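So this one's upload-v9.txt, compact mmCIF, C-alpha atoms:
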# COMPACT_ATOMS: atom_id res chain seq x y z
CA MET Z 1 179.86 90.84 71.69
CA ILE Z 2 176.93 88.52 71.88
CA LYS Z 3 173.53 90.05 71.61
CA LYS Z 4 170.66 88.14 73.02
CA ASN Z 5 167.48 88.79 71.05
CA SER Z 6 164.68 87.48 73.15
CA GLY Z 7 161.41 88.58 71.53
CA PHE Z 8 157.85 87.29 71.79
CA THR Z 9 156.84 83.97 70.41
CA LEU Z 10 153.84 83.80 68.09
CA ALA Z 11 151.76 82.22 70.81
CA GLU Z 12 152.54 85.07 73.20
CA ILE Z 13 151.57 87.67 70.63
CA LEU Z 14 148.29 85.88 69.93
CA VAL Z 15 147.45 85.77 73.62
CA ALA Z 16 148.34 89.44 73.93
CA ILE Z 17 146.09 90.33 70.99
CA VAL Z 18 143.18 88.38 72.46
CA ILE Z 19 143.59 90.06 75.85
CA GLY Z 20 143.89 93.44 74.19
CA ALA Z 21 140.78 92.84 72.12
CA ILE Z 22 138.80 91.83 75.17
CA SER Z 23 139.78 94.96 77.07
CA ILE Z 24 138.97 97.21 74.08
CA LEU Z 25 135.60 95.49 73.78
CA ALA Z 26 134.98 96.07 77.47
CA ALA Z 27 135.83 99.74 77.11
CA PHE Z 28 133.59 100.12 74.08
CA SER Z 29 130.59 98.37 75.60
CA SER Z 30 130.92 100.35 78.80
CA TYR Z 31 130.95 103.54 76.73
CA ASN Z 32 127.74 102.36 75.08
CA TYR Z 33 126.21 101.53 78.42
CA PHE Z 34 127.09 104.88 79.99
CA ASN Z 35 125.84 106.71 76.96
CA LYS Z 36 122.50 104.94 77.13
CA SER Z 37 122.07 105.49 80.84
CA TYR Z 38 122.95 109.17 80.40
CA GLN Z 39 120.31 109.40 77.67
CA SER Z 40 117.61 107.84 79.80
CA VAL Z 41 118.47 109.92 82.88
CA SER Z 42 118.53 113.17 80.93
CA GLN Z 43 115.25 112.36 79.16
CA LYS Z 44 113.57 111.68 82.47
CA ALA Z 45 115.02 114.85 83.95
CA ALA Z 46 113.70 116.86 80.99
CA ILE Z 47 110.17 115.51 81.51
CA ASN Z 48 110.36 116.21 85.22
CA SER Z 49 111.54 119.77 85.02
CA SER Z 50 109.04 120.84 82.37
CA ALA Z 51 106.19 119.18 84.26
CA ARG Z 52 107.20 120.86 87.50
CA GLU Z 53 107.34 124.26 85.88
CA VAL Z 54 103.99 124.09 84.16
CA LEU Z 55 102.04 122.39 86.94
CA ALA Z 56 103.09 125.05 89.43
CA MET Z 57 101.91 127.71 86.98
CA LEU Z 58 98.65 125.93 86.17
CA ALA Z 59 97.87 125.34 89.84
CA ARG Z 60 98.48 129.01 90.65
CA ASP Z 61 96.22 130.16 87.82
CA LEU Z 62 93.47 127.77 88.90
CA ARG Z 63 93.66 128.97 92.49
CA ASN Z 64 93.21 132.56 91.31
CA THR Z 65 90.45 131.71 88.83
CA GLY Z 66 87.38 133.86 89.36
CA TYR Z 67 89.13 136.22 91.76
CA TYR Z 68 87.47 139.55 91.67
CA HIS Z 69 89.26 142.67 92.88
CA VAL Z 70 86.95 144.59 95.26
CA ASP Z 71 87.25 147.80 93.24
CA PHE Z 72 87.18 146.19 89.82
CA GLU Z 73 83.66 147.14 88.79
CA ASN Z 74 84.07 150.79 89.70
CA ASN Z 75 87.50 151.38 88.32
CA ASN Z 76 87.95 149.28 85.26
CA CYS Z 77 87.26 150.52 81.80
CA GLU Z 78 86.07 147.21 80.54
CA ALA Z 79 82.34 146.77 80.13
CA LEU Z 80 81.32 144.21 82.64
CA ARG Z 81 78.37 142.24 81.55
CA GLU Z 82 77.84 139.56 84.10
CA SER Z 83 75.94 137.51 81.54
CA GLN Z 84 79.01 137.40 79.32
CA TYR Z 85 81.56 136.99 82.03
CA ASP Z 86 83.39 133.69 81.77
CA TYR Z 87 85.35 132.57 84.79
CA ILE Z 88 86.50 129.20 83.60
CA GLY Z 89 86.05 127.29 80.42
CA ILE Z 90 87.20 123.91 79.24
CA THR Z 91 87.49 123.22 75.58
CA HIS Z 92 87.38 119.70 74.43
CA ASN Z 93 86.60 117.99 71.18
CA LYS Z 94 87.89 120.96 69.22
CA LYS Z 95 90.04 120.16 66.25
CA TRP Z 96 92.63 122.89 66.61
CA ILE Z 97 93.64 122.02 70.16
CA ASN Z 98 92.76 118.41 70.73
CA GLY Z 99 96.30 117.14 70.63
CA LYS Z 100 98.13 114.28 69.10
CA TYR Z 101 95.49 111.68 69.89
CA LYS Z 102 92.50 113.97 69.30
CA GLN Z 103 91.23 113.69 72.87
CA SER Z 104 92.93 116.47 74.81
CA ASP Z 105 91.42 119.54 76.48
CA GLY Z 106 92.12 123.25 76.52
CA LEU Z 107 91.55 125.58 79.46
CA MET Z 108 90.59 129.21 79.80
CA VAL Z 109 90.49 131.04 83.11
CA THR Z 110 90.01 134.68 84.08
CA TYR Z 111 90.75 136.69 87.20
CA SER Z 112 91.40 140.31 88.01
CA ILE Z 113 94.93 141.29 88.90
CA SER Z 114 94.17 144.88 89.87
CA ALA Z 115 91.19 147.26 90.07
CA LYS Z 116 91.59 148.05 86.40
CA GLU Z 117 92.81 144.85 84.89
CA ARG Z 118 91.37 141.44 84.42
CA ILE Z 119 93.40 138.79 82.68
CA ARG Z 120 92.37 135.86 80.61
CA ILE Z 121 94.74 132.91 80.47
CA GLN Z 122 94.43 130.17 77.92
CA TYR Z 123 96.18 126.84 77.99
CA PHE Z 124 95.97 124.75 74.89
CA LEU Z 125 97.87 122.21 72.87
CA THR Z 126 99.40 123.30 69.64
CA GLN Z 127 101.38 121.67 66.91
CA TYR Z 128 104.94 122.87 66.86
CA GLN Z 129 105.68 124.49 63.51
CA ASN Z 130 105.28 121.80 60.87
CA SER Z 131 106.26 118.88 63.03
CA SER Z 132 103.92 116.22 64.32
CA ASP Z 133 104.85 117.11 67.89
CA TRP Z 134 102.41 118.86 70.18
CA TYR Z 135 103.37 121.51 72.69
CA LEU Z 136 101.47 123.16 75.53
CA LYS Z 137 100.93 126.85 75.03
CA ARG Z 138 99.94 129.55 77.53
CA VAL Z 139 98.48 132.81 76.23
CA VAL Z 140 97.60 135.76 78.47
CA ASN Z 141 95.43 138.75 77.50
CA ILE Z 142 94.48 141.79 79.59
CA ASN Z 143 90.85 142.97 79.64
CA PRO Z 144 89.66 140.60 76.94
CA ASN Z 145 85.95 141.33 77.15
CA GLY Z 146 83.77 143.87 75.51
CA HIS Z 147 83.51 147.53 74.93
CA PRO Z 148 84.69 150.10 77.50
CA ARG Z 149 82.23 151.64 79.92
CA SER Z 150 80.87 155.13 79.46
CA GLY Z 151 83.29 157.79 80.63
CA CYS Z 152 86.28 155.69 79.87
CA GLY Z 153 87.27 156.98 76.42
CA ALA Z 154 86.79 155.16 73.18
CA TRP Z 155 88.73 152.00 73.81
CA THR Z 156 90.92 151.46 76.79
CA ARG Z 157 94.58 151.47 76.01
CA ASN Z 158 95.10 147.93 77.00
CA TYR Z 159 91.90 146.44 75.68
CA ASN Z 160 92.48 142.79 74.89
CA MET Z 161 96.19 143.36 74.98
CA PRO Z 162 98.29 140.21 74.68
CA VAL Z 163 100.87 140.18 77.45
CA ASP Z 164 102.26 136.70 77.31
CA ASP Z 165 102.41 133.99 74.72
CA GLU Z 166 104.74 131.12 75.32
CA VAL Z 167 105.26 127.54 74.43
CA LEU Z 168 105.81 125.68 77.66
CA VAL Z 169 105.93 121.93 77.45
CA PRO Z 170 107.32 120.07 74.47
CA TYR Z 171 106.12 116.58 73.53
CA ILE Z 172 102.87 116.67 75.43
CA GLU Z 173 100.74 113.59 74.85
CA ASP Z 174 97.60 114.54 76.67
CA LEU Z 175 96.12 117.25 78.89
CA GLN Z 176 92.85 116.67 80.71
CA ILE Z 177 91.02 119.22 82.82
CA ILE Z 178 88.20 117.72 84.93
CA PRO Z 179 86.03 120.21 86.87
CA LYS Z 180 84.21 118.89 89.94
CA ASP Z 181 81.69 120.38 92.33
CA LYS Z 182 81.89 120.42 96.12
CA ASP Z 183 80.53 116.88 96.30
CA GLY Z 184 83.18 115.52 94.01
CA ASN Z 185 80.88 115.05 91.02
CA ILE Z 186 81.86 116.16 87.55
CA VAL Z 187 80.41 119.48 86.42
CA PHE Z 188 79.40 119.29 82.76
CA PRO Z 189 79.46 121.24 80.58
CA VAL Z 190 81.89 124.01 81.52
CA CYS Z 191 82.73 125.47 78.15
CA THR Z 192 83.30 128.80 76.48
CA SER Z 193 83.78 127.40 73.04
CA CYS Z 194 81.32 124.53 73.18
CA SER Z 195 81.31 121.44 71.02
CA THR Z 196 78.22 119.87 69.47
CA TYR Z 197 77.95 117.42 72.32
CA GLU Z 198 78.29 120.17 74.93
CA ASN Z 199 75.68 122.22 73.15
CA SER Z 200 73.29 119.28 73.30
CA GLN Z 201 73.85 119.20 77.06
CA GLY Z 202 73.00 122.84 77.69
CA GLY Z 203 75.92 124.59 76.01
CA GLN Z 204 76.93 128.12 76.94
CA SER Z 205 73.96 129.05 79.12
CA LYS Z 206 74.31 125.91 81.25
CA SER Z 207 78.06 126.48 81.40
CA LYS Z 208 77.56 129.98 82.82
CA GLN Z 209 75.59 128.50 85.71
CA ASN Z 210 78.06 125.68 86.11
CA MET Z 211 81.16 127.89 86.31
CA LYS Z 212 80.32 129.06 89.83
CA LYS Z 213 79.89 125.46 90.94
CA VAL Z 214 83.41 124.39 90.09
CA HIS Z 215 85.03 123.54 93.41
CA THR Z 216 87.95 121.34 92.42
CA VAL Z 217 89.80 120.96 89.15
CA ASP Z 218 91.73 117.78 88.43
CA VAL Z 219 94.58 118.16 85.97
CA TYR Z 220 96.17 115.20 84.19
CA MET Z 221 99.18 115.79 82.04
CA THR Z 222 100.99 113.05 80.15
CA LEU Z 223 104.41 113.80 78.71
CA ARG Z 224 106.65 111.88 76.38
CA SER Z 225 110.43 111.81 76.40
CA PRO Z 226 111.94 113.81 73.51
CA LYS Z 227 114.11 110.86 72.44
CA GLU Z 228 113.70 107.12 72.53
CA VAL Z 229 114.64 105.52 75.82
CA TYR Z 230 113.67 101.86 75.81
CA ALA Z 231 115.57 99.21 73.91
CA LYS Z 232 112.34 97.37 73.06
CA ALA Z 233 109.11 98.87 71.76
CA LYS Z 234 106.26 98.89 74.29
CA THR Z 235 102.59 99.71 73.94
CA THR Z 236 101.16 102.41 76.18
CA LYS Z 237 97.62 103.07 77.29
CA ILE Z 238 96.86 106.53 78.65
CA ILE Z 239 93.78 106.80 80.87
CA ASN Z 240 93.26 110.33 82.17
CA GLY Z 241 90.11 111.39 83.98
CA GLU Z 242 86.50 110.31 83.76
CA ALA Z 243 83.79 110.66 81.10
CA PRO Z 244 82.34 112.85 79.63
CA TYR Z 245 85.68 114.61 79.93
CA GLY Z 246 88.73 112.41 80.12
CA SER Z 247 90.67 110.37 77.64
CA ASN Z 248 91.44 106.77 76.85
CA ILE Z 249 94.30 106.56 74.43
CA ASP Z 250 95.99 103.52 72.93
CA VAL Z 251 99.46 104.45 71.83
CA PRO Z 252 101.03 102.07 69.31
CA ALA Z 253 104.20 100.33 70.45
CA ASP Z 254 107.23 102.59 70.50
CA LYS Z 255 110.40 103.17 72.52
CA TYR Z 256 109.47 106.42 74.21
CA TYR Z 257 109.20 106.89 77.94
CA ARG Z 258 105.94 108.41 79.23
CA GLU Z 259 104.87 109.84 82.52
CA THR Z 260 101.53 111.15 83.81
CA PHE Z 261 101.43 113.98 86.33
CA PHE Z 262 98.32 114.65 88.36
CA VAL Z 263 97.38 117.64 90.44
CA SER Z 264 94.05 118.54 91.98
CA VAL Z 265 93.37 122.16 92.84
CA HIS Z 266 90.58 123.73 94.91
CA THR Z 267 89.29 126.71 92.89
CA ARG Z 268 88.69 128.82 95.97
CA ASN Z 269 87.37 131.85 94.10
CA LEU Z 270 84.64 130.01 92.23
CA ALA Z 271 82.70 127.80 94.63
CA LYS Z 272 83.34 130.00 97.64
CA HIS Z 273 83.30 128.61 101.07
CA VAL Z 274 80.58 130.12 103.24
CA ALA Z 275 81.72 131.20 106.66
CA ILE Z 276 79.33 130.51 109.51
CA SER Z 277 79.00 133.14 112.20
CA GLU Z 278 79.79 131.50 115.51
CA GLN Z 279 77.33 133.67 117.42
CA THR Z 280 74.27 133.37 115.26
CA GLY Z 281 74.95 130.21 113.35
CA THR Z 282 73.90 131.90 110.12
CA SER Z 283 75.86 132.09 106.95
CA ILE Z 284 77.82 135.29 106.33
CA GLY Z 285 79.14 134.30 102.94
CA GLU Z 286 78.20 135.64 99.53
CA THR Z 287 76.34 132.63 98.28
CA ALA Z 288 74.25 130.17 100.17
CA SER Z 289 74.86 127.48 97.60
CA TYR Z 290 77.94 125.99 99.13
CA ASN Z 291 77.93 124.93 102.69
CA LYS Z 292 78.63 121.64 104.34
CA MET S 1 176.91 93.02 77.85
CA ALA S 2 174.03 90.92 78.92
CA LYS S 3 170.76 92.77 79.04
CA SER S 4 167.99 91.29 81.07
CA ASN S 5 164.56 92.26 79.79
CA LYS S 6 162.29 91.94 82.72
CA GLY S 7 158.70 92.63 81.61
CA ILE S 8 155.36 91.81 83.09
CA SER S 9 154.41 88.19 82.96
CA LEU S 10 151.15 87.02 81.44
CA ILE S 11 149.80 85.98 84.83
CA GLU S 12 150.56 89.41 86.25
CA SER S 13 148.80 91.18 83.43
CA LEU S 14 145.75 88.90 83.71
CA VAL S 15 145.51 89.61 87.42
CA CYS S 16 145.74 93.30 86.58
CA ILE S 17 142.87 93.03 84.10
CA VAL S 18 140.71 91.18 86.63
CA ILE S 19 141.30 93.93 89.20
CA ILE S 20 140.44 96.65 86.68
CA GLY S 21 137.36 94.63 85.71
CA ILE S 22 136.15 94.60 89.29
CA GLY S 23 136.54 98.37 89.34
CA PHE S 24 134.51 98.59 86.15
CA ILE S 25 131.68 96.58 87.65
CA ALA S 26 131.53 99.06 90.52
CA ILE S 27 131.30 101.95 88.05
CA MET S 28 128.54 100.14 86.14
CA GLN S 29 126.61 99.83 89.38
CA LEU S 30 127.07 103.53 89.96
CA SER S 31 125.39 104.19 86.65
CA ALA S 32 122.51 101.82 87.45
CA PHE S 33 122.17 103.62 90.77
CA SER S 34 121.94 106.98 89.04
CA ILE S 35 119.11 105.74 86.80
CA ASN S 36 117.35 104.40 89.85
CA SER S 37 117.67 107.65 91.74
CA MET S 38 116.33 109.56 88.73
CA ASP S 39 113.22 107.37 88.90
CA ARG S 40 112.94 108.11 92.58
CA ALA S 41 113.26 111.83 91.93
CA THR S 42 110.40 111.57 89.43
CA GLU S 43 108.26 109.72 91.94
CA LYS S 44 108.99 112.27 94.65
CA ASN S 45 108.07 115.03 92.26
CA LYS S 46 104.78 113.33 91.48
CA LEU S 47 104.14 112.64 95.15
CA ASN S 48 104.53 116.35 95.86
CA TYR S 49 101.70 117.16 93.49
CA LEU S 50 99.63 114.26 94.79
CA SER S 51 100.00 115.46 98.37
CA GLU S 52 98.88 118.89 97.18
CA MET S 53 95.62 117.17 96.23
CA VAL S 54 95.13 116.05 99.84
CA MET S 55 95.86 119.54 101.16
CA GLU S 56 93.49 121.15 98.68
CA ASP S 57 90.69 118.75 99.59
CA MET S 58 91.12 119.74 103.24
CA ILE S 59 91.10 123.45 102.38
CA GLY S 60 88.01 122.94 100.23
CA ASP S 61 85.92 121.59 103.07
CA PRO S 62 87.20 123.42 106.17
CA ASP S 63 84.11 123.04 108.37
CA ASN S 64 84.31 119.33 107.95
CA ALA S 65 88.10 119.12 107.99
CA SER S 66 88.39 117.06 111.15
CA SER S 67 86.92 114.10 109.24
CA TYR S 68 89.82 114.27 106.82
CA GLY S 69 92.27 113.09 109.47
CA GLY S 70 92.85 109.48 110.35
CA PHE S 71 93.54 108.39 106.80
CA ASN S 72 95.91 105.49 107.14
CA GLN S 73 97.03 103.59 104.08
CA THR S 74 99.46 100.93 105.22
CA SER S 75 99.25 98.28 102.55
CA CYS S 76 100.03 98.55 98.88
CA THR S 77 96.89 96.72 97.77
CA TYR S 78 93.38 97.54 98.85
CA SER S 79 89.83 97.47 97.61
CA ASN S 80 87.75 100.61 97.88
CA THR S 81 84.19 100.25 99.09
CA SER S 82 81.58 102.67 97.80
CA GLU S 83 81.00 105.50 100.26
CA SER S 84 78.33 108.14 100.65
CA ASN S 85 80.12 110.66 102.88
CA LEU S 86 82.12 113.30 101.09
CA HIS S 87 85.23 112.80 103.21
CA GLN S 88 85.06 109.04 102.69
CA LYS S 89 84.73 109.54 98.96
CA LYS S 90 87.74 111.85 99.04
CA LYS S 91 89.74 109.26 100.94
CA ASN S 92 88.88 106.71 98.28
CA LYS S 93 90.11 109.18 95.70
CA TRP S 94 93.36 109.67 97.64
CA ARG S 95 93.94 105.92 97.80
CA ASP S 96 93.52 105.68 94.04
CA LYS S 97 95.54 108.72 93.07
CA LEU S 98 98.34 108.29 95.61
CA GLN S 99 99.31 105.06 93.95
CA GLU S 100 98.47 106.32 90.46
CA LYS S 101 95.83 103.71 89.83
CA ASN S 102 94.69 103.61 86.21
CA PHE S 103 97.00 106.31 84.89
CA LEU S 104 99.28 104.55 82.46
CA LYS S 105 99.43 101.01 81.22
CA ILE S 106 102.66 99.90 79.62
CA ASP S 107 102.48 96.62 77.73
CA ASN S 108 99.09 96.13 79.44
CA LYS S 109 100.76 96.33 82.83
CA GLU S 110 99.67 99.12 85.10
CA LYS S 111 102.41 101.56 85.99
CA LYS S 112 102.07 102.50 89.63
CA LEU S 113 104.20 104.36 92.11
CA ARG S 114 106.75 102.21 93.88
CA CYS S 115 105.31 100.69 97.01
CA VAL S 116 106.92 98.17 99.37
CA SER S 117 105.52 96.78 102.57
CA GLY S 118 106.02 99.30 105.34
CA ASP S 119 105.23 102.28 103.11
CA THR S 120 102.49 104.29 104.75
CA LYS S 121 100.41 107.37 104.07
CA LYS S 122 98.66 109.04 106.98
CA THR S 123 96.75 112.24 107.56
CA PHE S 124 96.40 114.21 110.76
CA VAL S 125 94.06 117.13 111.38
CA GLY S 126 93.99 119.30 114.44
CA ASN S 127 93.77 122.95 115.48
CA GLY S 128 92.82 124.12 112.02
CA ALA S 129 95.79 122.52 110.33
CA GLY S 130 96.19 119.36 108.33
CA ARG S 131 99.15 117.19 107.49
CA LEU S 132 99.92 114.28 105.22
CA ASN S 133 102.76 111.99 106.23
CA PHE S 134 104.64 109.72 103.88
CA PHE S 135 106.74 106.80 104.93
CA THR S 136 108.65 105.39 101.98
CA GLY S 137 111.49 102.91 101.56
CA LYS S 138 109.93 100.32 103.90
CA GLY S 139 108.90 103.13 106.19
CA LYS S 140 112.43 104.34 106.72
CA ARG S 141 112.18 107.70 104.97
CA LYS S 142 109.67 110.13 106.37
CA LYS S 143 108.25 113.21 104.80
CA TYR S 144 105.25 115.38 105.40
CA LEU S 145 103.37 118.24 103.86
CA GLY S 146 101.12 120.40 106.02
CA VAL S 147 98.66 123.24 105.62
CA VAL S 148 96.81 125.68 107.85
CA PHE S 149 93.25 126.14 106.64
CA LYS S 150 91.37 127.99 109.34
Starting from the file, give its structure as structure tokens.
Amino acid sequence: MIKKNSGFTLAEILVAIVIGAISILAAFSSYNYFNKSYQSVSQKAAINSSAREVLAMLARDLRNTGYYHVDFENNNCEALRESQYDYIGITHNKKWINGKYKQSDGLMVTYSISAKERIRIQYFLTQYQNSSDWYLKRVVNINPNGHPRSGCGAWTRNYNMPVDDEVLVPYIEDLQIIPKDKDGNIVFPVCTSCSTYENSQGGQSKSKQNMKKVHTVDVYMTLRSPKEVYAKAKTTKIINGEAPYGSNIDVPADKYYRETFFVSVHTRNLAKHVAISEQTGTSIGETASYNK
Amino acid sequence: MAKSNKGISLIESLVCIVIIGIGFIAIMQLSAFSINSMDRATEKNKLNYLSEMVMEDMIGDPDNASSYGGFNQTSCTYSNTSESNLHQKKKNKWRDKLQEKNFLKIDNKEKKLRCVSGDTKKTFVGNGAGRLNFFTGKGKRKKYLGVVFK
């Protein structure tokens, strides 16, 4: 019995190895490619979803800012001293909140949610644990101001009670809050915790007058991707808002992806629109200060 | 007993690899497409907030709202002239913000929203309601956001 052993020649094996190597290389590089594109898509999606969440919340709070329940004064047990009442405050140039690049703002707004309760909401940037990353925090307190009125018992049960304290947006690069009046000009200062510069410009007492003039609030929020996205390092310049608020940040070259979100909200409970009576042509609104 | 070992010839296997390679290229394109559509999703998200700005400006000046209509931004480049009227100033602001002028500069190059010729932004005001229309993708995709303010 003759057995015919026809195997591969050396040349054939070499060719086979080369072809095999090429196809393995193709598989490996495509794995790399898909991995990278997954990374970049998921980083962008993370930025998007956290921005969407917080901007919706911020816009809602700003729309409510200064809202005053009709029965609030009669029914609440919080001493209401108009002179101390802060509707909106912007904190900037303060060390503990000014963010990674030392230029960011904080925001405080108040509005009543029922006849007995007024809430104060604070947005500020905070360093996450011991890392160098900054997060956006939202803190809510009920009835934050003052001593209870007479006939209300010693201290109301929910005096300055914290109801919410959460870390919302990771890897925030900058937050700018720019208050503007009905003519589109910047209102300055609007502060509750005023810096030296704000104090030189009128400080708290000027701010109190200014708070009712705030008609529109521009919000700029710049976020960074949690992980590196680009293959090559790029420099970034962040320009959010106008002076004396606003920021101008030069970020050293790195591989992170950044995105700025902008929303402008009409603070309808601060600079109230004055309705004009159609019969008499006279104003029937609360204040005569705002009418176009 | 003669055994005939009929395998696949080299040519056949090469042809096979080429065909698989073509398939791979298509899958690569799919991935590039997904990155692209993620960018578009981001831009649409940002445009939603930017159109909120237009709506809020209309709500904030309801007696004068009729002047907020007729905004028509057809080209991607423009130069704003200084204006004294409030509604004209607001329209200047819209032109700047709707394309994200001066927000971010990456490698000294301004990062703006995608804009191709045919993309248009328009506002309409009538009967106490306002609307902002977007035409993107060379004007092929249409979207609008509206508000009743009176």
Legend entry - Surrounding residues of range 125-131 of chain S excluding itself and chain neighbours under 6 positions, 10 Å, only C-alpha atoms, as a list in words: Ser51, Val54, Met55, Met58, Ile59, Pro62, Asp63, Ala65, Ser66, Ser67, Tyr68, Gly69, Gly70, Phe71, Tyr144, Leu145, Gly146, Val147, Val148, Phe149 and Lys150 of chain S
Inset, instruction - Return as an NGL selection string the residues belonging to chain Z that are within 8 Å of chain S, counting all atoms listed in the file. - result: :Z and (1-4 or 23 or 30 or 34 or 37 or 40-41 or 44-45 or 48 or 52 or 182-184 or 215-216 or 234-240 or 259-266 or 268 or 273 or 292)
Which protein, DNA or RNA residues have an atom at most 10 Å from (96.6, 103.6, 108.7), counting only C-alpha atoms? List them as a CSV table (one decimal) with C-alpha atoms, keeping the file's coordinate frame.
chain,number,residue,atom,x,y,z
S,70,GLY,CA,92.8,109.5,110.4
S,71,PHE,CA,93.5,108.4,106.8
S,72,ASN,CA,95.9,105.5,107.1
S,73,GLN,CA,97.0,103.6,104.1
S,74,THR,CA,99.5,100.9,105.2
S,75,SER,CA,99.2,98.3,102.6
S,120,THR,CA,102.5,104.3,104.8
S,121,LYS,CA,100.4,107.4,104.1
S,122,LYS,CA,98.7,109.0,107.0
S,123,THR,CA,96.8,112.2,107.6
Inset, instruction - Please measure the separation of CA of Pro189 in chain Z and CA of Gly203 in chain Z, giving the value in Å to one decimal. - result: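 Result for CA of Pro189 in chain Z versus CA of Gly203 in chain Z: 6.7 Å, one decimal.
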What box, with edges along x, y and z, holds each listed atom of range 66-71 of chain Z when 8 Å is added on every side, and can you state its centre and edge lengths in Å to one decimal, as AutoDock Vina command-line options?
--center_x 88.1 --center_y 140.8 --center_z 92.3 --size_x 18.3 --size_y 29.9 --size_z 21.9
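The gap separating CA of Arg60 in chain Z from CA of Val163 in chain Z is 17.5 Å, in Å to one decimal.
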Inset, instruction - Work out how far CA of Tyr135 in chain Z is from CA of Ser207 in chain Z, in Å to one decimal. - result: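 About the pair CA of Ser207 in chain Z and CA of Tyr135 in chain Z: they are 27.2 Å apart.
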Using all atoms listed in the file, collect all residues at a distance of at most 7 Å from (117.0, 107.8, 74.5) as written in the file, then present them as a PDB file with C-alpha atoms, in the frame of the given file.
ATOM      1  CA  LYS Z  36     122.500 104.940  77.130  1.00  0.00           C
ATOM      2  CA  GLN Z  39     120.310 109.400  77.670  1.00  0.00           C
ATOM      3  CA  SER Z  40     117.610 107.840  79.800  1.00  0.00           C
ATOM      4  CA  GLN Z  43     115.250 112.360  79.160  1.00  0.00           C
ATOM      5  CA  LYS Z 227     114.110 110.860  72.440  1.00  0.00           C
ATOM      6  CA  GLU Z 228     113.700 107.120  72.530  1.00  0.00           C
ATOM      7  CA  VAL Z 229     114.640 105.520  75.820  1.00  0.00           C
ATOM      8  CA  TYR Z 230     113.670 101.860  75.810  1.00  0.00           C
TER       9      TYR Z 230
END
Inset, instruction - Please provide the set of residues having any atom within 7 Å of range 117-126 of chain Z, restricted to all atoms listed in the file, with same-chain residues fewer than 2 positions apart removed, written as a PyMOL selection string. - result: chain Z and resi 76+97-99+106-115+128+134-144
Inset, instruction - Have a look at Z:Gly241, Z:Gly89, Z:Gly66, Z:Pro226 and name the one nearest to Pro170 in chain Z; count only C-alpha atoms. - result: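 Checking each of Z:Gly241, Z:Gly89, Z:Gly66, Z:Pro226 against Pro170 in chain Z, counting only C-alpha atoms, the winner is Z:Pro226.
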Inset, instruction - Find the residues around Asp119 in chain S up to 6 Å (all atoms listed in the file counted), leave out those fewer than 3 positions away in its own chain, and share them as a list in words. - result: Val116, Phe135, Thr136, Lys138 and Gly139 of chain S
